[in-house]
>>> print(open('upload36.cif').read())   # mmCIF, C-alpha atoms
data_input
loop_
_atom_site.group_PDB
_atom_site.id
_atom_site.type_symbol
_atom_site.label_atom_id
_atom_site.label_comp_id
_atom_site.auth_asym_id
_atom_site.auth_seq_id
_atom_site.Cartn_x
_atom_site.Cartn_y
_atom_site.Cartn_z
ATOM 1 C CA LYS A 1 -0.519 9.112 14.817
ATOM 2 C CA GLN A 2 2.101 8.331 12.192
ATOM 3 C CA GLU A 3 2.163 10.630 9.182
ATOM 4 C CA VAL A 4 4.301 10.018 6.110
ATOM 5 C CA THR A 5 5.263 12.779 3.695
ATOM 6 C CA GLN A 6 6.989 12.452 0.343
ATOM 7 C CA ILE A 7 8.697 15.141 -1.645
ATOM 8 C CA PRO A 8 8.749 16.011 -4.430
ATOM 9 C CA ALA A 9 5.254 15.085 -5.584
ATOM 10 C CA ALA A 10 6.510 14.806 -9.151
ATOM 11 C CA LEU A 11 9.912 14.639 -10.777
ATOM 12 C CA SER A 12 11.033 14.646 -14.402
ATOM 13 C CA VAL A 13 14.590 13.718 -15.330
ATOM 14 C CA PRO A 14 16.494 12.751 -18.477
ATOM 15 C CA GLU A 15 17.635 9.181 -18.889
ATOM 16 C CA GLY A 16 20.888 8.353 -17.146
ATOM 17 C CA GLU A 17 20.518 10.817 -14.308
ATOM 18 C CA ASN A 18 20.891 9.749 -10.684
ATOM 19 C CA LEU A 19 18.037 10.859 -8.456
ATOM 20 C CA VAL A 20 16.833 10.877 -4.870
ATOM 21 C CA LEU A 21 13.299 10.566 -3.592
ATOM 22 C CA ASN A 22 12.580 11.741 -0.077
ATOM 23 C CA CYS A 23 10.282 10.390 2.602
ATOM 24 C CA SER A 24 9.749 11.715 6.124
ATOM 25 C CA PHE A 25 7.754 10.288 9.006
ATOM 26 C CA THR A 26 6.582 11.839 12.246
ATOM 27 C CA ASP A 27 6.914 8.917 14.680
ATOM 28 C CA SER A 28 10.480 7.603 14.865
ATOM 29 C CA ALA A 29 9.355 4.415 16.645
ATOM 30 C CA ILE A 30 8.887 2.610 13.369
ATOM 31 C CA TYR A 31 9.300 -1.122 12.884
ATOM 32 C CA ASN A 32 9.648 -1.242 9.121
ATOM 33 C CA LEU A 33 9.921 1.235 6.302
ATOM 34 C CA GLN A 34 9.042 -0.037 2.859
ATOM 35 C CA TRP A 35 9.348 1.461 -0.614
ATOM 36 C CA PHE A 36 6.911 0.450 -3.342
ATOM 37 C CA ARG A 37 6.510 1.117 -7.007
ATOM 38 C CA GLN A 38 3.129 1.513 -8.673
ATOM 39 C CA ASP A 39 2.642 1.645 -12.411
ATOM 40 C CA PRO A 40 -0.511 3.346 -13.753
ATOM 41 C CA GLY A 41 -3.572 1.182 -13.220
ATOM 42 C CA LYS A 42 -1.511 -1.524 -11.542
ATOM 43 C CA GLY A 43 -0.943 -2.852 -8.049
ATOM 44 C CA LEU A 44 2.007 -2.280 -5.745
ATOM 45 C CA THR A 45 5.414 -3.838 -6.227
ATOM 46 C CA SER A 46 7.622 -3.979 -3.156
ATOM 47 C CA LEU A 47 11.077 -2.548 -3.891
ATOM 48 C CA LEU A 48 12.935 -2.441 -0.614
ATOM 49 C CA LEU A 49 12.237 -3.071 3.045
ATOM 50 C CA ILE A 50 14.344 -1.470 5.759
ATOM 51 C CA GLN A 51 13.860 -2.841 9.240
ATOM 52 C CA SER A 52 14.263 -0.510 12.201
ATOM 53 C CA SER A 53 17.690 -1.914 13.086
ATOM 54 C CA GLN A 54 19.021 -1.336 9.578
ATOM 55 C CA ARG A 55 20.423 1.787 7.960
ATOM 56 C CA GLU A 56 20.079 0.909 4.305
ATOM 57 C CA GLN A 57 19.135 -1.714 1.765
ATOM 58 C CA THR A 58 20.241 -2.127 -1.817
ATOM 59 C CA SER A 59 18.744 -3.877 -4.809
ATOM 60 C CA GLY A 60 20.366 -3.383 -8.169
ATOM 61 C CA ARG A 61 20.274 0.320 -9.027
ATOM 62 C CA LEU A 62 18.145 1.120 -5.992
ATOM 63 C CA ASN A 63 19.409 2.070 -2.567
ATOM 64 C CA ALA A 64 17.182 3.026 0.332
ATOM 65 C CA SER A 65 18.428 4.577 3.547
ATOM 66 C CA LEU A 66 16.783 5.072 6.918
ATOM 67 C CA ASP A 67 17.570 7.647 9.591
ATOM 68 C CA LYS A 68 15.147 7.118 12.435
ATOM 69 C CA SER A 69 16.489 9.951 14.551
ATOM 70 C CA SER A 70 15.680 12.523 11.884
ATOM 71 C CA GLY A 71 12.550 10.732 10.695
ATOM 72 C CA ARG A 72 13.760 10.393 7.131
ATOM 73 C CA SER A 73 14.269 7.838 4.419
ATOM 74 C CA THR A 74 15.622 8.295 0.926
ATOM 75 C CA LEU A 75 15.388 6.175 -2.198
ATOM 76 C CA TYR A 76 18.331 6.604 -4.517
ATOM 77 C CA ILE A 77 17.946 5.501 -8.128
ATOM 78 C CA ALA A 78 21.165 5.294 -10.116
ATOM 79 C CA ALA A 79 21.406 5.735 -13.875
ATOM 80 C CA SER A 80 17.675 6.193 -14.351
ATOM 81 C CA GLN A 81 15.910 4.582 -17.314
ATOM 82 C CA PRO A 82 12.556 5.259 -19.000
ATOM 83 C CA GLY A 83 11.322 1.992 -17.506
ATOM 84 C CA ASP A 84 11.752 3.527 -14.047
ATOM 85 C CA SER A 85 8.846 5.875 -14.769
ATOM 86 C CA ALA A 86 6.192 5.141 -12.150
ATOM 87 C CA THR A 87 4.850 6.378 -8.843
ATOM 88 C CA TYR A 88 7.056 5.554 -5.872
ATOM 89 C CA LEU A 89 5.388 5.141 -2.496
ATOM 90 C CA CYS A 90 6.990 5.169 0.915
ATOM 91 C CA ALA A 91 5.220 3.500 3.838
ATOM 92 C CA ALA A 92 6.041 2.968 7.501
ATOM 93 C CA ASN A 93 4.582 0.893 10.274
ATOM 94 C CA GLN A 94 5.056 -0.008 13.899
ATOM 95 C CA ALA A 95 5.129 -3.628 14.996
ATOM 96 C CA GLY A 96 1.832 -5.377 14.330
ATOM 97 C CA THR A 97 0.204 -2.404 12.700
ATOM 98 C CA ALA A 98 -0.697 -1.520 9.147
ATOM 99 C CA LEU A 99 1.534 0.436 6.819
ATOM 100 C CA ILE A 100 0.860 4.158 6.610
ATOM 101 C CA PHE A 101 1.548 5.537 3.155
ATOM 102 C CA GLY A 102 2.843 8.805 1.831
ATOM 103 C CA LYS A 103 1.166 10.389 -1.190
ATOM 104 C CA GLY A 104 3.942 9.235 -3.499
ATOM 105 C CA THR A 105 6.387 10.727 -5.968
ATOM 106 C CA THR A 106 5.524 10.385 -9.642
ATOM 107 C CA LEU A 107 8.724 9.923 -11.622
ATOM 108 C CA SER A 108 9.053 10.476 -15.346
ATOM 109 C CA VAL A 109 12.303 9.527 -17.077
ATOM 110 C CA SER A 110 12.651 10.765 -20.635
ATOM 111 C CA SER A 111 14.791 9.102 -23.275
ATOM 112 C CA SER B 1 6.761 -14.413 -0.195
ATOM 113 C CA ALA B 2 2.996 -14.526 -0.035
ATOM 114 C CA VAL B 3 0.972 -14.632 -3.227
ATOM 115 C CA ILE B 4 -2.331 -12.811 -3.000
ATOM 116 C CA SER B 5 -5.261 -12.954 -5.377
ATOM 117 C CA GLN B 6 -8.340 -10.784 -5.408
ATOM 118 C CA LYS B 7 -11.736 -11.239 -7.022
ATOM 119 C CA PRO B 8 -13.159 -9.535 -8.920
ATOM 120 C CA SER B 9 -10.315 -7.657 -10.571
ATOM 121 C CA ARG B 10 -12.737 -4.951 -11.622
ATOM 122 C CA ASP B 11 -16.448 -4.232 -11.614
ATOM 123 C CA ILE B 12 -18.906 -1.570 -12.622
ATOM 124 C CA CYS B 13 -21.842 -1.266 -10.244
ATOM 125 C CA GLN B 14 -24.980 0.774 -9.868
ATOM 126 C CA ARG B 15 -25.399 3.109 -6.946
ATOM 127 C CA GLY B 16 -27.241 1.639 -3.996
ATOM 128 C CA THR B 17 -25.969 -1.880 -4.594
ATOM 129 C CA SER B 18 -23.271 -3.790 -2.710
ATOM 130 C CA LEU B 19 -20.136 -5.579 -3.875
ATOM 131 C CA THR B 20 -18.128 -8.196 -2.008
ATOM 132 C CA ILE B 21 -14.408 -8.392 -2.741
ATOM 133 C CA GLN B 22 -12.503 -11.564 -1.979
ATOM 134 C CA CYS B 23 -8.871 -11.836 -0.949
ATOM 135 C CA GLN B 24 -7.113 -15.207 -1.011
ATOM 136 C CA VAL B 25 -3.556 -15.832 0.234
ATOM 137 C CA ASP B 26 -1.448 -18.878 -0.582
ATOM 138 C CA SER B 27 -0.191 -19.199 3.004
ATOM 139 C CA GLN B 28 -1.592 -18.764 6.480
ATOM 140 C CA VAL B 29 -1.283 -15.227 7.793
ATOM 141 C CA THR B 30 -2.405 -13.693 11.046
ATOM 142 C CA MET B 31 -2.968 -10.127 9.959
ATOM 143 C CA MET B 32 -4.725 -8.905 6.848
ATOM 144 C CA PHE B 33 -5.359 -5.308 5.926
ATOM 145 C CA TRP B 34 -7.792 -3.626 3.562
ATOM 146 C CA TYR B 35 -6.891 -0.377 1.812
ATOM 147 C CA ARG B 36 -8.631 2.018 -0.532
ATOM 148 C CA GLN B 37 -6.926 4.038 -3.234
ATOM 149 C CA GLN B 38 -9.108 6.765 -4.648
ATOM 150 C CA PRO B 39 -8.315 8.119 -8.115
ATOM 151 C CA GLY B 40 -4.999 9.957 -8.128
ATOM 152 C CA GLN B 41 -4.482 9.388 -4.418
ATOM 153 C CA SER B 42 -2.300 7.233 -2.216
ATOM 154 C CA LEU B 43 -3.484 4.288 -0.149
ATOM 155 C CA THR B 44 -5.712 4.769 2.866
ATOM 156 C CA LEU B 45 -6.181 2.008 5.426
ATOM 157 C CA ILE B 46 -9.795 0.918 5.848
ATOM 158 C CA ALA B 47 -9.433 -1.788 8.505
ATOM 159 C CA THR B 48 -7.278 -4.503 10.005
ATOM 160 C CA ALA B 49 -8.732 -8.014 9.959
ATOM 161 C CA ASN B 50 -7.415 -10.711 12.260
ATOM 162 C CA GLN B 51 -8.805 -14.212 12.189
ATOM 163 C CA GLY B 52 -11.162 -14.915 15.072
ATOM 164 C CA SER B 53 -11.817 -11.330 16.048
ATOM 165 C CA GLU B 54 -13.786 -8.336 14.853
ATOM 166 C CA ALA B 55 -12.101 -6.109 12.301
ATOM 167 C CA THR B 56 -10.642 -2.855 13.571
ATOM 168 C CA TYR B 57 -11.715 0.139 11.483
ATOM 169 C CA GLU B 58 -9.841 3.370 10.913
ATOM 170 C CA SER B 59 -11.374 6.754 11.493
ATOM 171 C CA GLY B 60 -13.849 7.544 8.765
ATOM 172 C CA PHE B 61 -14.696 3.929 7.994
ATOM 173 C CA VAL B 62 -17.568 2.031 9.651
ATOM 174 C CA ILE B 63 -18.603 -1.584 9.757
ATOM 175 C CA ASP B 64 -22.067 -0.921 8.316
ATOM 176 C CA LYS B 65 -20.522 0.511 5.171
ATOM 177 C CA PHE B 66 -17.527 -1.828 4.895
ATOM 178 C CA PRO B 67 -18.313 -5.137 6.613
ATOM 179 C CA ILE B 68 -15.347 -7.513 6.677
ATOM 180 C CA SER B 69 -15.191 -11.241 7.203
ATOM 181 C CA ARG B 70 -12.119 -13.280 8.135
ATOM 182 C CA PRO B 71 -13.238 -16.887 8.386
ATOM 183 C CA ASN B 72 -9.759 -18.447 8.297
ATOM 184 C CA LEU B 73 -6.062 -17.666 8.030
ATOM 185 C CA THR B 74 -5.970 -17.532 4.216
ATOM 186 C CA PHE B 75 -9.139 -15.677 3.237
ATOM 187 C CA SER B 76 -10.999 -12.428 3.820
ATOM 188 C CA THR B 77 -13.804 -10.476 2.223
ATOM 189 C CA LEU B 78 -14.606 -6.775 2.150
ATOM 190 C CA THR B 79 -18.091 -5.648 1.227
ATOM 191 C CA VAL B 80 -18.753 -2.148 -0.028
ATOM 192 C CA SER B 81 -22.385 -1.513 0.887
ATOM 193 C CA ASN B 82 -24.985 0.887 -0.497
ATOM 194 C CA MET B 83 -22.470 2.186 -2.992
ATOM 195 C CA SER B 84 -22.267 5.731 -4.308
ATOM 196 C CA PRO B 85 -19.982 7.193 -6.999
ATOM 197 C CA GLU B 86 -17.653 8.373 -4.211
ATOM 198 C CA ASP B 87 -16.841 4.709 -3.522
ATOM 199 C CA SER B 88 -15.204 4.394 -6.938
ATOM 200 C CA SER B 89 -11.684 3.351 -6.024
ATOM 201 C CA ILE B 90 -9.165 0.561 -6.126
ATOM 202 C CA TYR B 91 -9.524 -1.718 -3.116
ATOM 203 C CA LEU B 92 -6.437 -3.689 -2.066
ATOM 204 C CA CYS B 93 -5.788 -6.317 0.529
ATOM 205 C CA SER B 94 -2.420 -6.754 2.178
ATOM 206 C CA VAL B 95 -0.805 -9.340 4.399
ATOM 207 C CA GLU B 96 2.124 -9.364 6.747
ATOM 208 C CA ASP B 97 5.117 -11.631 6.418
ATOM 209 C CA PRO B 98 6.117 -11.574 10.105
ATOM 210 C CA GLY B 99 9.159 -9.372 10.484
ATOM 211 C CA GLY B 100 9.327 -9.002 6.753
ATOM 212 C CA PRO B 101 7.741 -7.023 3.976
ATOM 213 C CA ARG B 102 4.058 -6.436 3.474
ATOM 214 C CA PHE B 103 2.577 -7.856 0.299
ATOM 215 C CA PHE B 104 -0.359 -6.525 -1.635
ATOM 216 C CA GLY B 105 -2.941 -8.095 -3.837
ATOM 217 C CA PRO B 106 -3.419 -6.817 -7.399
ATOM 218 C CA GLY B 107 -6.438 -4.755 -6.361
ATOM 219 C CA THR B 108 -10.095 -4.552 -7.312
ATOM 220 C CA ARG B 109 -10.992 -1.574 -9.465
ATOM 221 C CA LEU B 110 -14.529 -0.476 -8.629
ATOM 222 C CA THR B 111 -16.553 2.019 -10.628
ATOM 223 C CA VAL B 112 -19.929 3.097 -9.291
ATOM 224 C CA LEU B 113 -22.346 4.744 -11.704
#
>>> encode(input="upload36.cif", output="structure tokens")
Amino acid sequence: KQEVTQIPAALSVPEGENLVLNCSFTDSAIYNLQWFRQDPGKGLTSLLLIQSSQREQTSGRLNASLDKSSGRSTLYIAASQPGDSATYLCAANQAGTALIFGKGTTLSVSS
Amino acid sequence: SAVISQKPSRDICQRGTSLTIQCQVDSQVTMMFWYRQQPGQSLTLIATANQGSEATYESGFVIDKFPISRPNLTFSTLTVSNMSPEDSSIYLCSVEDPGGPRFFGPGTRLTVL
């Protein structure tokens, strides 16, 4: 059964720093890997989707990569801002199945 | 992208009672999923609900406790039955955009006293 792990659990950085969030999964036969953002008390906002045939996706200051062979994905945030403070969730699924979530990385960016 | 609404957005309930949560999507979708997010935790899948068939429950979740209906391709309900304080969570529904991203509703925040 797919398991998704995220490290670190929490991260604090000063504004302007570039940072990387890590996600690993146990079953490399994934269909999609998706990164979400969740603000306290709020729902999930989809950030990036990487399909199994893709290696990376970019949106603004965010870049997500996927290495199926090693079972890893990373989310790179460039020039972090206080508004980036949130919990970031990684989730993976196989075709036609539900997303399995990691426990998340809580990011705090100080000004 | 699919737009999902959930009702109620939040509720405070007494133990032993039941609450039905509604999930409405603005387009027809085959697969819908129900998740639970306990305080300070990540999301855990409760069940997968496909129109015209019985919901498929994950280990640790049973139909008597979490009955699900899926009467058509745009709507589903999740009932939390005989509630206890341990059921206090955010409940979220999710849909699949075939081949694309999964979208989530805003969630229903449930507090059981």
>>> interface_residues(input="upload36.cif", of="chain A", to="chain B", cutoff="12 Å", atoms="only C-alpha atoms", output="JSON, numbers by chain")
{"A": [1, 3, 4, 5, 6, 9, 31, 32, 33, 34, 35, 36, 37, 38, 39, 40, 41, 42, 43, 44, 45, 46, 47, 48, 49, 50, 51, 52, 53, 87, 88, 89, 90, 91, 92, 93, 94, 95, 96, 97, 98, 99, 100, 101, 102, 103, 104, 105, 106]}
>>> write_last_selection(input="upload36.cif", atoms="C-alpha atoms", output="compact mmCIF listing (two decimals), keeping the file's coordinate frame")
# COMPACT_ATOMS: atom_id res chain seq x y z
CA LYS A 1 -0.52 9.11 14.82
CA GLU A 3 2.16 10.63 9.18
CA VAL A 4 4.30 10.02 6.11
CA THR A 5 5.26 12.78 3.70
CA GLN A 6 6.99 12.45 0.34
CA ALA A 9 5.25 15.08 -5.58
CA TYR A 31 9.30 -1.12 12.88
CA ASN A 32 9.65 -1.24 9.12
CA LEU A 33 9.92 1.24 6.30
CA GLN A 34 9.04 -0.04 2.86
CA TRP A 35 9.35 1.46 -0.61
CA PHE A 36 6.91 0.45 -3.34
CA ARG A 37 6.51 1.12 -7.01
CA GLN A 38 3.13 1.51 -8.67
CA ASP A 39 2.64 1.64 -12.41
CA PRO A 40 -0.51 3.35 -13.75
CA GLY A 41 -3.57 1.18 -13.22
CA LYS A 42 -1.51 -1.52 -11.54
CA GLY A 43 -0.94 -2.85 -8.05
CA LEU A 44 2.01 -2.28 -5.74
CA THR A 45 5.41 -3.84 -6.23
CA SER A 46 7.62 -3.98 -3.16
CA LEU A 47 11.08 -2.55 -3.89
CA LEU A 48 12.94 -2.44 -0.61
CA LEU A 49 12.24 -3.07 3.04
CA ILE A 50 14.34 -1.47 5.76
CA GLN A 51 13.86 -2.84 9.24
CA SER A 52 14.26 -0.51 12.20
CA SER A 53 17.69 -1.91 13.09
CA THR A 87 4.85 6.38 -8.84
CA TYR A 88 7.06 5.55 -5.87
CA LEU A 89 5.39 5.14 -2.50
CA CYS A 90 6.99 5.17 0.92
CA ALA A 91 5.22 3.50 3.84
CA ALA A 92 6.04 2.97 7.50
CA ASN A 93 4.58 0.89 10.27
CA GLN A 94 5.06 -0.01 13.90
CA ALA A 95 5.13 -3.63 15.00
CA GLY A 96 1.83 -5.38 14.33
CA THR A 97 0.20 -2.40 12.70
CA ALA A 98 -0.70 -1.52 9.15
CA LEU A 99 1.53 0.44 6.82
CA ILE A 100 0.86 4.16 6.61
CA PHE A 101 1.55 5.54 3.16
CA GLY A 102 2.84 8.80 1.83
CA LYS A 103 1.17 10.39 -1.19
CA GLY A 104 3.94 9.24 -3.50
CA THR A 105 6.39 10.73 -5.97
CA THR A 106 5.52 10.38 -9.64
>>> resolve_selection(input="upload36.cif", expression="the PyMOL selection byres ((chain B and resi 21) around 12)", output="short mmCIF file (atom, residue, chain, number, x, y, z; two decimals) with C-alpha atoms, in the coordinates of the input")
data_model
loop_
_atom_site.label_atom_id
_atom_site.label_comp_id
_atom_site.auth_asym_id
_atom_site.auth_seq_id
_atom_site.Cartn_x
_atom_site.Cartn_y
_atom_site.Cartn_z
CA SER B 5 -5.26 -12.95 -5.38
CA GLN B 6 -8.34 -10.78 -5.41
CA LYS B 7 -11.74 -11.24 -7.02
CA PRO B 8 -13.16 -9.54 -8.92
CA SER B 9 -10.32 -7.66 -10.57
CA ARG B 10 -12.74 -4.95 -11.62
CA ASP B 11 -16.45 -4.23 -11.61
CA SER B 18 -23.27 -3.79 -2.71
CA LEU B 19 -20.14 -5.58 -3.88
CA THR B 20 -18.13 -8.20 -2.01
CA GLN B 22 -12.50 -11.56 -1.98
CA CYS B 23 -8.87 -11.84 -0.95
CA GLN B 24 -7.11 -15.21 -1.01
CA TRP B 34 -7.79 -3.63 3.56
CA TYR B 35 -6.89 -0.38 1.81
CA PHE B 66 -17.53 -1.83 4.89
CA PRO B 67 -18.31 -5.14 6.61
CA ILE B 68 -15.35 -7.51 6.68
CA SER B 69 -15.19 -11.24 7.20
CA PHE B 75 -9.14 -15.68 3.24
CA SER B 76 -11.00 -12.43 3.82
CA THR B 77 -13.80 -10.48 2.22
CA LEU B 78 -14.61 -6.78 2.15
CA THR B 79 -18.09 -5.65 1.23
CA VAL B 80 -18.75 -2.15 -0.03
CA SER B 81 -22.38 -1.51 0.89
CA ILE B 90 -9.16 0.56 -6.13
CA TYR B 91 -9.52 -1.72 -3.12
CA LEU B 92 -6.44 -3.69 -2.07
CA CYS B 93 -5.79 -6.32 0.53
CA GLY B 105 -2.94 -8.10 -3.84
CA GLY B 107 -6.44 -4.76 -6.36
CA THR B 108 -10.10 -4.55 -7.31
CA ARG B 109 -10.99 -1.57 -9.46
CA LEU B 110 -14.53 -0.48 -8.63
#
>>> resolve_selection(input="upload36.cif", expression="the PyMOL selection byres ((chain B and resi 14) around 9)", output="list in words")
Ile12, Cys13, Arg15, Gly16, Thr17, Ser18, Met83, Ser84, Pro85, Thr111, Val112 and Leu113 of chain B
>>> atom_distance(input="upload36.cif", atom1="atom CA of Ser70 of chain A", atom2="atom CA of Gln54 of chain A")
14.4 Å
>>> atom_distance(input="upload36.cif", atom1="atom CA of Ile63 of chain B", atom2="atom CA of Asn50 of chain B")
14.7 Å
>>> closest_residue(input="upload36.cif", among="A:Ser85, A:Ser80, A:Ser110, A:Thr58", to="Gly16 of chain A", atoms="all atoms listed in the file")
A:Ser80
>>> axis_aligned_box(input="upload36.cif", around="segment 10-20 of chain B", padding_each_side="6 Å", output="lines of an AutoDock Vina configuration file")
center_x = -20.0
center_y = -2.5
center_z = -7.3
size_x = 26.5
size_y = 23.3
size_z = 22.6
>>> atom_distance(input="upload36.cif", atom1="atom CA of Ser24 of chain A", atom2="atom CA of Leu62 of chain A")
18.2 Å
>>> residues_around(input="upload36.cif", residues="Ser27 of chain B", least_positions_apart="4", cutoff="9 Å", atoms="all atoms listed in the file", output="VMD selection string")
chain B and resid 2 to 3 73 to 74
>>> closest_residue(input="upload36.cif", among="A:Leu107, A:Ala29, A:Cys23, A:Ile7", to="Ala86 of chain A", atoms="all atoms listed in the file")
A:Leu107
>>> resolve_selection(input="upload36.cif", expression="the PyMOL selection byres ((chain A and resi 78) around 8)", output="PyMOL selection string")
chain A and resi 16-19+61-62+76-77+79-80
